[in-house]
Structure formats: structure tokens, C-alpha cells
$ cat target_25.pdb   # PDB, C-alpha atoms and all ligand atoms
MODEL        1
ATOM      1  CA  MET A 102      99.326  93.638 -17.055
ATOM      2  CA  TYR A 103      97.571  94.506 -13.802
ATOM      3  CA  ILE A 104      99.066  93.336 -10.540
ATOM      4  CA  CYS A 105      96.407  94.966  -8.347
ATOM      5  CA  VAL A 106      92.998  95.319  -9.944
ATOM      6  CA  CYS A 107      91.485  97.199  -6.991
ATOM      7  CA  ASN A 108      94.041  99.997  -7.341
ATOM      8  CA  ALA A 109      94.788  99.651 -11.078
ATOM      9  CA  LEU A 110      98.481  99.013 -10.387
ATOM     10  CA  THR A 111     100.297  97.565 -13.358
ATOM     11  CA  GLU A 112     103.648  95.793 -13.547
ATOM     12  CA  ASN A 113     105.188  99.086 -14.698
ATOM     13  CA  CYS A 114     103.691 100.873 -11.669
ATOM     14  CA  VAL A 115     105.334  98.307  -9.412
ATOM     15  CA  ARG A 116     108.687  98.559 -11.208
ATOM     16  CA  SER A 117     108.754 102.341 -10.908
ATOM     17  CA  ALA A 118     107.780 102.227  -7.244
ATOM     18  CA  LEU A 119     110.497  99.660  -6.506
ATOM     19  CA  SER A 120     113.173 101.795  -8.111
ATOM     20  CA  GLU A 121     112.186 104.707  -5.870
ATOM     21  CA  SER A 122     111.045 103.117  -2.630
ATOM     22  CA  GLY A 123     112.946  99.820  -2.450
ATOM     23  CA  PRO A 124     111.611  96.301  -2.076
ATOM     24  CA  ASP A 125     108.667  96.955   0.192
ATOM     25  CA  VAL A 126     105.002  96.081  -0.476
ATOM     26  CA  VAL A 127     103.708  98.991   1.578
ATOM     27  CA  GLY A 128     105.995 101.343  -0.328
ATOM     28  CA  VAL A 129     104.587 100.185  -3.665
ATOM     29  CA  PHE A 130     101.059 101.087  -2.621
ATOM     30  CA  GLY A 131     102.140 104.263  -0.865
ATOM     31  CA  LYS A 132     104.066 105.486  -3.886
ATOM     32  CA  HIS A 133     100.787 105.489  -5.794
ATOM     33  CA  GLY A 134      98.750 106.954  -2.950
ATOM     34  CA  THR A 135      96.844 103.725  -2.391
ATOM     35  CA  LYS A 136      96.664 100.855   0.044
ATOM     36  CA  PRO A 137      95.597  97.223  -0.291
ATOM     37  CA  LYS A 138      91.845  96.700  -0.383
ATOM     38  CA  CYS A 139      90.812  93.080  -0.968
ATOM     39  CA  GLY A 140      94.374  91.760  -0.530
ATOM     40  CA  LYS A 141      94.077  89.179  -3.322
ATOM     41  CA  CYS A 142      97.054  90.685  -5.145
ATOM     42  CA  LEU A 143      99.515  90.543  -2.265
ATOM     43  CA  SER A 144     101.000  87.094  -2.904
ATOM     44  CA  HIS A 145     101.297  87.834  -6.629
ATOM     45  CA  LEU A 146     102.844  91.227  -5.847
ATOM     46  CA  ARG A 147     105.413  89.631  -3.538
ATOM     47  CA  ASP A 148     106.264  87.011  -6.177
ATOM     48  CA  PHE A 149     106.596  89.700  -8.849
ATOM     49  CA  MET A 150     108.851  91.794  -6.601
ATOM     50  CA  HIS A 151     110.964  88.726  -5.819
ATOM     51  CA  ARG A 152     111.367  88.009  -9.551
ATOM     52  CA  ILE A 153     112.446  91.598 -10.219
ATOM     53  CA  ASN A 154     115.023  91.395  -7.424
ATOM     54  CA  GLN A 155     116.336  88.092  -8.774
ATOM     55  CA  ASP A 156     116.621  89.561 -12.287
ATOM     56  CA  GLN A 157     118.531  92.565 -10.925
ATOM     57  CA  THR A 158     120.851  90.328  -8.917
ATOM     58  CA  THR A 159     121.517  88.137 -11.940
ATOM     59  CA  ALA A 160     122.173  91.176 -14.128
ATOM     60  CA  GLU A 161     124.553  92.673 -11.556
ATOM     61  CA  ALA A 162     126.391  89.347 -11.208
ATOM     62  CA  GLY A 163     126.775  89.244 -14.978
ATOM     63  CA  LYS A 164     128.380  92.684 -14.976
ATOM     64  CA  THR A 165     131.029  91.663 -12.454
ATOM     65  CA  ALA A 166     131.779  88.273 -14.030
TER      66      ALA A 166
HETATM   67  S1  LIG A 201      93.638  93.293  -6.077
HETATM   68 FE1  LIG A 201      95.046  94.459  -4.897
HETATM   69  S2  LIG A 201      93.912  95.019  -3.161
HETATM   70 FE2  LIG A 201      92.481  93.971  -4.386
ENDMDL
END
$ encode --input "target_25.pdb" --output "C-alpha cells"
Amino acid sequence: MYICVCNALTENCVRSALSESGPDVVGVFGKHGTKPKCGKCLSHLRDFMHRINQDQTTAEAGKTA
């Protein structure tokens, strides 16, 4: 599923960028050699990144429990 239509960034693109560049919106675009254009995706991108971070935190907490 596309997160950013202007730059053809999919959920998988975002996941791979996060694993390499950390939780940073600019880093996600930069990893793919792009930058925001219309900006309509930014709130959805931030929400998606937040969900990924929550999932990782929950998974890590489950490992230590
Ligand atoms: S949809 Fe991402 S910049 Fe336009």
C-alpha cells in the first residue's frame, strides 16, 4: 500500500528506511532520494511510523517478560 503517492513510497519502503535511518520523517524520504511534494502524506506517514514503533516496543517487551 502506498504511503506517499507523489514519491511512490510504500509501507515496505518506509519500514526499510526506518530500520536504517531511525524514526525520522526526513530520513524516510532521504533514504529514497526524495522529499515531500504535496505534503498530504505526512500525517499518515507519522501515524504509520508511530504504529511501527509501538509494535516494536510491544514485541521487545514481550521478549523480556
Ligand atoms: S503524497 Fe507524499 S508528498 Fe504528496
$ residues_near_ligand --input "target_25.pdb" --ligand "ligand LIG 201 (chain A)" --cutoff "10 Å" --atoms "all atoms listed in the file" --output "PyMOL selection string"
chain A and resi 103-110+130+135-146
$ closest_residue --input "target_25.pdb" --among "A:Thr165, A:Phe149, A:Gln155, A:Val129" --to "Met102 in chain A" --atoms "all atoms listed in the file"
A:Phe149
$ residues_around --input "target_25.pdb" --residues "Pro124 in chain A" --least-positions-apart "6" --cutoff "10 Å" --atoms "all atoms listed in the file" --output "list in words"
Val115, Arg116, Ala118, Arg147, Met150, His151, Ile153 and Asn154 of chain A
$ axis_aligned_box --input "target_25.pdb" --around "range 127-134 of chain A" --padding-each-side "6 Å" --output "JSON"
{"center_x": 102.4, "center_y": 103.0, "center_z": -2.1, "size_x": 19.2, "size_y": 20.0, "size_z": 19.4}
$ closest_residue --input "target_25.pdb" --among "A:Asp148, A:Lys132, A:Ala162, A:Asp156" --to "Leu119 in chain A" --atoms "all atoms listed in the file"
A:Lys132
$ atom_distance --input "target_25.pdb" --atom1 "CA of Glu121 in chain A" --atom2 "CA of Ala160 in chain A"
18.7 Å
$ atom_distance --input "target_25.pdb" --atom1 "CA of Asn113 in chain A" --atom2 "CA of Arg152 in chain A"
13.7 Å
